[in-house]
Each structure stands twice: as structure tokens, then as C-alpha cells.
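First the structure, in the form of C-alpha cells, and then the observations on it.
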Amino acid sequence: MKRVAIVGYAQHPILKNAGALNEVELIMPVVHQLFNDLGISQKDIDFTCSGSCDYLQGAAFAFVEGLSAIQTNPPIKESHVEMDAAWAMYESMLKIQMGDAETALIYGFGKSSPGDLDAIISLQMDPYYISPLWPDRVSLAALQARVLLNQNIITQEQMLATVMEARTNSKNNKNALITDLIDESDYLNNPMVSSPLNKLDCPPISDGSSAMIIASEEKAYEFTDHPIWIEGIDHRIESSNLGSRNLATSNTLQASMKQLNLKNIKFDVAELHTQFSHEVPFLKFLLNLQDVPTNLSGGPLVGNVMMCAGLDAVGKTYESLKDNQLTHGLAHATSGPCLQHNMLVHLEAKK
Amino acid sequence: MSAEDTPKDYSESPINLEYFYTAGSATTRFLNQVKEGNIVGQGCPKCKAVYVPPRGSCPRCGVATDIEVPLTDKGCIESFTVVHIPIPGNPIVPPYVCAMIRLDGANISFLHLIQDIDIEKIRIGMRIRAVWKPQEEWTHSLENIKWFAPIDEPDVDVATLRFQES
């Protein structure tokens with residue numbers, strides 16, 4: 001494996017409703033900020049890859065217009081994933097492994113405010129048996145939460161603690177959308193959206209964008225004195241048939257952990273793409289993160305830009321390692337209902 | 001074969017999603033001017049290309065087009081096609097002409113109608129000018145222009161309109 005490092009990351013302030021700003025106007029500032037921070041331009045980038053979802057914009061091939069945010073003349077090598085931009089990072093990683101590129105720009109963008117996110121997300125389900133029922137994202141998450149509670153894998157108290165902690169941690173995150181603190185009675189008096197999940201267990205509707213630059217070992221030090229290395233990256237997906245999955249565990253995450261040999265690594269920090277409160281104690285249990293500071297940025301509960309939040313987990317882990325001189329970080333990105341598709345990224349700062 | 005055994009070739013699952021679409025801040029500035037009967041393109045601060053209608057960025061340079069460039073409603077036909085097929089709901093009776101309109105001072109063209117001339121006389125490079133709806137009907141739309149009509153000026157060699165990078 002060629003060694004690859006993250007050399008920069010930028011995030012747009014997460015907005016409840018970006019209003020008149022279109023997607024290009026959201027992407028451009030973060031890409032420019034990243035270039036300015038590193039003192040580089042598009043000409044220093046070998047490969048550009050974005051993550052977005054046309055259903056969020058309600059227009060076919062909307063991601064092509066997103067390209068107007070970056071300099072495409074002279075012509076660039078470019079690709080797109082109809083997924084969270086964490087998978088755009090994965091594709092960029094492959095591109096570098098193949099020797100086709102030494103540097104890559106990754107960006108993700110999403111506006112959830114213009115449409116009905118519940119309806120949009122239900123279209124990712126199996127089109128014959130499930131999508132026609134229009135299951136909304138909260139109800140699907142609630143299925144898993146109920147299984148986990150019933151089997152005593154997590155507790156309601158852990159969910160409450162997760163919600164309160166996310167808001168406390170939002171002070172570490174200058175781009176967080178939700179920053180107000182709550183107490184126990186606020187939580188307990190909130191009406192259920194889909195039992196056992198109330199509104200505070202769910203992420204806010206969010207608009208925004210993020211960008212990241214990764215580079216091979218040869219190039220990384222040209223960009224920064226403090227690259228953070230991608231020591232391991234692995235992603236696996238479970239069946240699209242919800243009924244054939246065991247929602248009380250994640251075979252794929254366990255396989256990824258094994259593949260990345262994470263058992264004996266003492267993580268200093270973790271950022272998880274946990275959109276619902278019950279997912280935090282569940283993943284901390286599965287990933288052996290009980291004693292690891294997790295989601296110090298507040299995580300998706302304080303700002304959940306669709307198609308970015310996974311990349312943001314990687315970006316926030318990168319920032320934690322870099323800013324606090326820590327060594328090992330674990331980032332997690334997810335896609336699909338009930339943590340169907342998961343990516344783990346092991347980041348390491350070289351001492 | 002019983003009804004249950006009959007193979008089903010398809011199932012219907014209609015999808016309808018509603019969006020609150022926003023044009024973007026740059027296009028909003030443009031449309032506000034169109035409402036007043038003005039065509040204001042936007043220029044790239046780096047390569048100086050002028051975009052109309054503007055989308056807020058210069059895809060050539062990847063920067064915001066923050067220079068407002070007032071244009072006239074005169075230009076030329078960069079390309080055109082004769083439409084013979086009726087489109088359901090479209091009030092215009094075929095045959096009619098759709099053309100790529102290149103306004104004077106702009107570096108990209110946009111699609112609009114050509115009228116007030118015999119179709120066989122329409123040609124690339126022909127000088128044209130907007131025919132506006134009555135002012136009281138103006139909205140935030142390029143439909144404020146009914147169509148473009150020829151004007152009595154010498155043709156333009158469209159090859160000369162090609163963008164020259166400065």
C-alpha cells in the first residue's frame with residue numbers, strides 16, 4: 001500500500017436553510033479556503049472527486065453543475081459518487097494506489113432544506129417491496145433502536161446522555177448548527193417522532209459542504225508539515241433486505257475491524273457518523289470505544305449535512321489529531337438504513 | 001394457471017417529490033434586473049469572460065463572477081434549429097425556430113425564439129434584437145422577452161466570437 005495522508009480539510013458553517021445560496025455558492029468558499037490555507041491551486045490537484053445526491057437537489061445530473069465551483073480549465077481528471085463524500089475519499093485513495101494520481105481534492109455538498117428528506121431517503125430502499133411504502137428515515141432508525149433497547153445492548157439513559165453530550169461538545173465545533181444545551185426534562189418531555197426516537201434523538205435538517213485534500217507520501221510534505229496518515233480504510237455493506245439483517249449487531253463492521261487490525265490500537269479520539277442518538281452507544285460497544293472520547297465535534301446530532309457528514313467525521317478526526325497532538329483516531333462513515341453500509345478510517349499522526 | 005401464478009411483468013409505484021427550488025444568489029441578482037427590463041451579465045474577475053444568464057461562477061477559473069456587466073438586448077444568432085414537432089402544452093405552432101442567442105459583449109449564448117421573419121431567411125450570424133412583452137407583464141423570467149427579431153445590421157462572422165483567453 002502506498003502511504004496516503006490527509007493534508008487539509010475545510011467545512012462550510014452548517015446552515016438550517018441556506019436559502020438563496022445554491023450548491024455552487026456553498027462549495028466554492030470551502031474549496032477556496034482549503035486552497036488558500038495550503039497556498040495551492042487546482043493545478044496542484046491530480047484528481048477531483050465529489051459526493052452528492054441528485055435527489056436532494058431534485059435535478060438529474062445536478063452534480064455536474066457542482067463542478068462549476070472549481071477550476072476545470074485546463075481540463076481535469078474528475079469523478080463523482082452518488083454517496084457520502086467519504087466514499088469520494090475512498091475512490092481518491094484507490095486512484096492514488098493505482099498510481100493515477102498523487103494528490104486529490106474531495107468535496108461533498110448537500111442541501112436538505114429544499115425537499116422532503118424523509119421521502120427522499122426512502123427512495124434509497126429496495127424499489128419493489130419497501131420504497132412504495134415510503135418508510136421515513138426516522139422510522140427505519142427507530143426499528144434498530146427498538147431492537148437494541150429490547151436486547152439491552154443500549155439503554156435509554158445512554159441515548160439521553162448522547163444527546164446532552166453532543167450539545168455540550170458542539171462548543172468545540174465552530175460550524176455546528178445546534179448549540180443550545182438541554183437538560184433531562186427537555187429530553188423526556190419531547191414528543192416521540194417515531195418511538196423510541198424523539199426529536200432530540202434525530203439530526204437537524206442541514207445544508208452545507210466540505211472539502212478535503214489527500215496526498216501520497218511524496219507530495220504530502222509539499223502541502224503541509226503535519227500530514228495525518230490514513231493507516232487503514234475499509235468499507236463493507238450489508239443486505240438491502242432489512243428483514244435478512246440482524247439489526248442487533250454489524251457483521252460488516254466487525255469484519256472491517258478485523259481487516260484493519262484495530263484490536264490492539266489505543267485510540268485517542270473517534271468521530272462516528274451517528275445520525276441518531278442510539279447509534280453512538282451501539283457503535284462504541286461494537287468498536288470497543290467505551291473509553292475513547294467520541295464525537296468531540298458534537299457529531300451529526302448538531303449538524304448533519306447529507307452527503308458530507310461521513311467526510312466530516314474523517315475531517316473532524318483529522319483536526320483533532322492535528323490540533324491536539326494525538327496519535328490514533330478512528331473515523332466512521334455510514335450510508336443506507338440502520339447502519340447498512342459502513343466505512344472505517346484509521347488515522348495516525350506520525351510522531 | 002391460477003391468478004396467483006400469473007407472472008407479473010411490472011408494478012406501479014408512482015414517485016412525486018416536491019422541492020422549494022432556489023436559483024442561487026447570483027441568478028437572483030440577474031432575475032431581479034430582468035424584472036426591470038435590464039439584461040445584466042456577470043463577468044469573471046480572472047479571465048474576463050461574461051456570462052448571461054449568469055450562474056454565479058466561472059467554470060473556466062472556478063471563481064465567483066462578481067462583476068456586474070450591463071448588456072443591451074442586441075446580439076446575433078450563434079446557431080439555430082427549425083422545430084417541426086409539436087410539443088404538448090406548448091402554444092407555439094410548428095414550424096418555428098429556436099436559436100442560440102449571443103448578446104453583444106457576452107461570451108456564452110442562451111436559447112430563445114426567433115420570429116418576425118421567414119424561416120428560410122434565418123441564418124447563423126444574423127443580427128437580432130429582443131422583442132419585449134408589455135412592461136406590465138414583466139416577471140422574474142427571460143419570458144419577458146417574447147422572441148428575438150432580425151435588425152438591419154450586417155451579419156457577424158461567428159468564428160470571431162470565439163472566446164480568446166487574455
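Each chain in the C-alpha cells gets a letter, A, B, ..., in the order shown, and its residues are numbered from 1; ligands are numbered from 1 in order too.
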### Message
Residues within 10 Å of B:Gln135, please, as a list in words. Count only C-alpha atoms; anything in the same chain fewer than 5 positions from it doesn't count.
### Response
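Here the qualifying residues turn out to be Lys35, Glu36, Gly37 and Asn144 of chain B.
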Could you save those same residues with C-alpha atoms as a CSV table (one decimal), in the first residue's frame?
```
chain,number,residue,atom,x,y,z
B,35,LYS,CA,-37.9,42.1,-13.9
B,36,GLU,CA,-36.9,45.7,-14.6
B,37,GLY,CA,-36.3,45.0,-18.3
B,144,ASN,CA,-40.3,38.9,-20.5
```
### Query
Once you count only C-alpha atoms, which residues of chain A turn out to be within 9 Å of chain B? Could you give them as a ChimeraX atom specification?
/A:19-25,28,32,42,55-58,67-74,113-116,119-120,123,127-128,131-132
Written file, previous selection with C-alpha atoms, as a PDB file, in the first residue's frame:
```pdb
ATOM      1  CA  GLY A  19     -31.872  29.986   1.380  1.00  0.00           C
ATOM      2  CA  ALA A  20     -30.851  31.655  -1.830  1.00  0.00           C
ATOM      3  CA  LEU A  21     -27.345  30.149  -1.838  1.00  0.00           C
ATOM      4  CA  ASN A  22     -27.192  27.391  -4.439  1.00  0.00           C
ATOM      5  CA  GLU A  23     -24.894  24.382  -4.295  1.00  0.00           C
ATOM      6  CA  VAL A  24     -22.079  26.029  -6.274  1.00  0.00           C
ATOM      7  CA  GLU A  25     -22.184  29.006  -3.923  1.00  0.00           C
ATOM      8  CA  MET A  28     -16.820  27.443  -3.763  1.00  0.00           C
ATOM      9  CA  HIS A  32     -11.082  28.321  -1.954  1.00  0.00           C
ATOM     10  CA  GLN A  42      -6.445  23.389  -8.705  1.00  0.00           C
ATOM     11  CA  TYR A  55     -32.449  13.624  -5.311  1.00  0.00           C
ATOM     12  CA  LEU A  56     -31.590  16.280  -2.727  1.00  0.00           C
ATOM     13  CA  GLN A  57     -31.484  18.916  -5.460  1.00  0.00           C
ATOM     14  CA  GLY A  58     -34.365  17.418  -7.421  1.00  0.00           C
ATOM     15  CA  LEU A  67     -18.217  21.296 -10.860  1.00  0.00           C
ATOM     16  CA  SER A  68     -18.700  24.962 -11.774  1.00  0.00           C
ATOM     17  CA  ALA A  69     -17.350  25.679  -8.300  1.00  0.00           C
ATOM     18  CA  ILE A  70     -13.852  24.568  -9.236  1.00  0.00           C
ATOM     19  CA  GLN A  71     -11.443  25.456 -11.978  1.00  0.00           C
ATOM     20  CA  THR A  72     -11.862  22.983 -14.831  1.00  0.00           C
ATOM     21  CA  ASN A  73      -9.651  24.637 -17.404  1.00  0.00           C
ATOM     22  CA  PRO A  74      -7.179  23.235 -18.326  1.00  0.00           C
ATOM     23  CA  SER A 113     -33.870  22.160   3.219  1.00  0.00           C
ATOM     24  CA  PRO A 114     -35.485  22.397  -0.269  1.00  0.00           C
ATOM     25  CA  GLY A 115     -37.191  18.979  -0.280  1.00  0.00           C
ATOM     26  CA  ASP A 116     -38.816  16.405   1.979  1.00  0.00           C
ATOM     27  CA  ALA A 119     -39.451  10.999   1.290  1.00  0.00           C
ATOM     28  CA  ILE A 120     -36.105  11.380  -0.492  1.00  0.00           C
ATOM     29  CA  LEU A 123     -36.139   6.120  -2.235  1.00  0.00           C
ATOM     30  CA  PRO A 127     -37.789  -0.262  -5.158  1.00  0.00           C
ATOM     31  CA  TYR A 128     -40.207  -3.221  -5.306  1.00  0.00           C
ATOM     32  CA  SER A 131     -39.809   2.141  -1.306  1.00  0.00           C
ATOM     33  CA  PRO A 132     -43.514   2.020  -2.318  1.00  0.00           C
TER      34      PRO A 132
END
```
### Near-A:Glu238 list (10 Å; only C-alpha atoms; drop same-chain fewer than 4 positions) as a ChimeraX atom specification
/A:242,244-246,250-253,336,339-342
### Task
Using only C-alpha atoms, determine which residues lie at most 12 Å from A:Asn304, disregarding the query and same-chain residues fewer than 5 positions distant; provide the list as a PyMOL selection string.
chain A and resi 12-16+84+109-113+117+175-178+202-210+272-276+297-299+309-313
### Query
How would you write, as a ChimeraX atom specification, the set of residues in chain B that DSSP gives as helix (DSSP H, G or I)?
/B:3-5,25-35,119-121,135-137,142-144,158-161
### Query
Quick one: residues within 10 Å of A:Glu157, only C-alpha atoms counted, chain neighbours fewer than 5 positions away excluded, as a ChimeraX atom specification?
/A:162-163,184,278
### Task
May I have the residues within 8 Å of B:Val82 as a list in words, using only C-alpha atoms and disregarding those fewer than 6 positions away in the same chain?
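In the requested form, the answer reads Pro95, Tyr96, Val97, Cys98 and Ile119 of chain B.
Proximity to A:Thr48 was assessed for A:Pro135, A:Gly99, A:Gly108, A:Pro29 counting only C-alpha atoms; the smallest distance is recorded for A:Gly108.
The residue that comes closest to A:Asp201, out of A:Ile154, A:Met307, A:Leu262, A:Val280 and on the basis of only C-alpha atoms, is A:Val280.
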### Query
Could you work out how far atom CA of A:Ala145 lies from atom CA of A:Asp126, giving the answer in Å with one decimal?
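Separation of atom CA of A:Asp126 and atom CA of A:Ala145: 21.0 Å.
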Might you pull out every residue within 10 Å of stretch 79-83 of chain A, with only C-alpha atoms counted and same-chain residues fewer than 3 positions away left off, and present them as a PDB file with C-alpha atoms, in the first residue's frame?
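out_37.pdb, written as the output of this step:
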```pdb
ATOM      1  CA  PHE A  47      -7.763  14.008  -9.254  1.00  0.00           C
ATOM      2  CA  THR A  48     -11.025  15.586  -8.097  1.00  0.00           C
ATOM      3  CA  CYS A  49     -13.914  13.575  -6.695  1.00  0.00           C
ATOM      4  CA  SER A  50     -17.223  14.735  -5.244  1.00  0.00           C
ATOM      5  CA  GLY A  51     -20.049  13.157  -3.306  1.00  0.00           C
ATOM      6  CA  SER A  52     -23.625  14.369  -3.597  1.00  0.00           C
ATOM      7  CA  CYS A  53     -27.162  13.196  -4.272  1.00  0.00           C
ATOM      8  CA  ASP A  54     -29.241  14.474  -7.179  1.00  0.00           C
ATOM      9  CA  TYR A  55     -32.449  13.624  -5.311  1.00  0.00           C
ATOM     10  CA  PHE A  63     -23.564  17.111  -9.533  1.00  0.00           C
ATOM     11  CA  VAL A  64     -22.219  18.267 -12.922  1.00  0.00           C
ATOM     12  CA  LEU A  67     -18.217  21.296 -10.860  1.00  0.00           C
ATOM     13  CA  ILE A  76      -9.163  17.999 -15.024  1.00  0.00           C
ATOM     14  CA  ALA A  86     -16.363   9.775   2.475  1.00  0.00           C
ATOM     15  CA  TRP A  87     -16.711   7.359  -0.444  1.00  0.00           C
ATOM     16  CA  ALA A  88     -15.322  10.007  -2.776  1.00  0.00           C
ATOM     17  CA  MET A  89     -12.317   9.933  -0.472  1.00  0.00           C
ATOM     18  CA  GLU A  91     -12.248   6.409  -4.607  1.00  0.00           C
ATOM     19  CA  SER A  92      -9.493   9.032  -4.458  1.00  0.00           C
ATOM     20  CA  ILE A 106     -12.585  15.678  -2.386  1.00  0.00           C
ATOM     21  CA  TYR A 107     -15.738  17.647  -1.780  1.00  0.00           C
ATOM     22  CA  GLY A 108     -19.245  16.910  -0.689  1.00  0.00           C
ATOM     23  CA  MET A 306     -26.322  14.893   3.846  1.00  0.00           C
ATOM     24  CA  MET A 307     -23.525  13.519   1.626  1.00  0.00           C
ATOM     25  CA  CYS A 308     -20.936  15.348   3.808  1.00  0.00           C
ATOM     26  CA  GLY A 310     -19.294  10.974   6.725  1.00  0.00           C
ATOM     27  CA  THR A 334     -22.282   5.267   7.026  1.00  0.00           C
ATOM     28  CA  SER A 335     -24.939   5.054   4.361  1.00  0.00           C
ATOM     29  CA  GLY A 336     -28.255   3.274   3.972  1.00  0.00           C
TER      30      GLY A 336
END
```
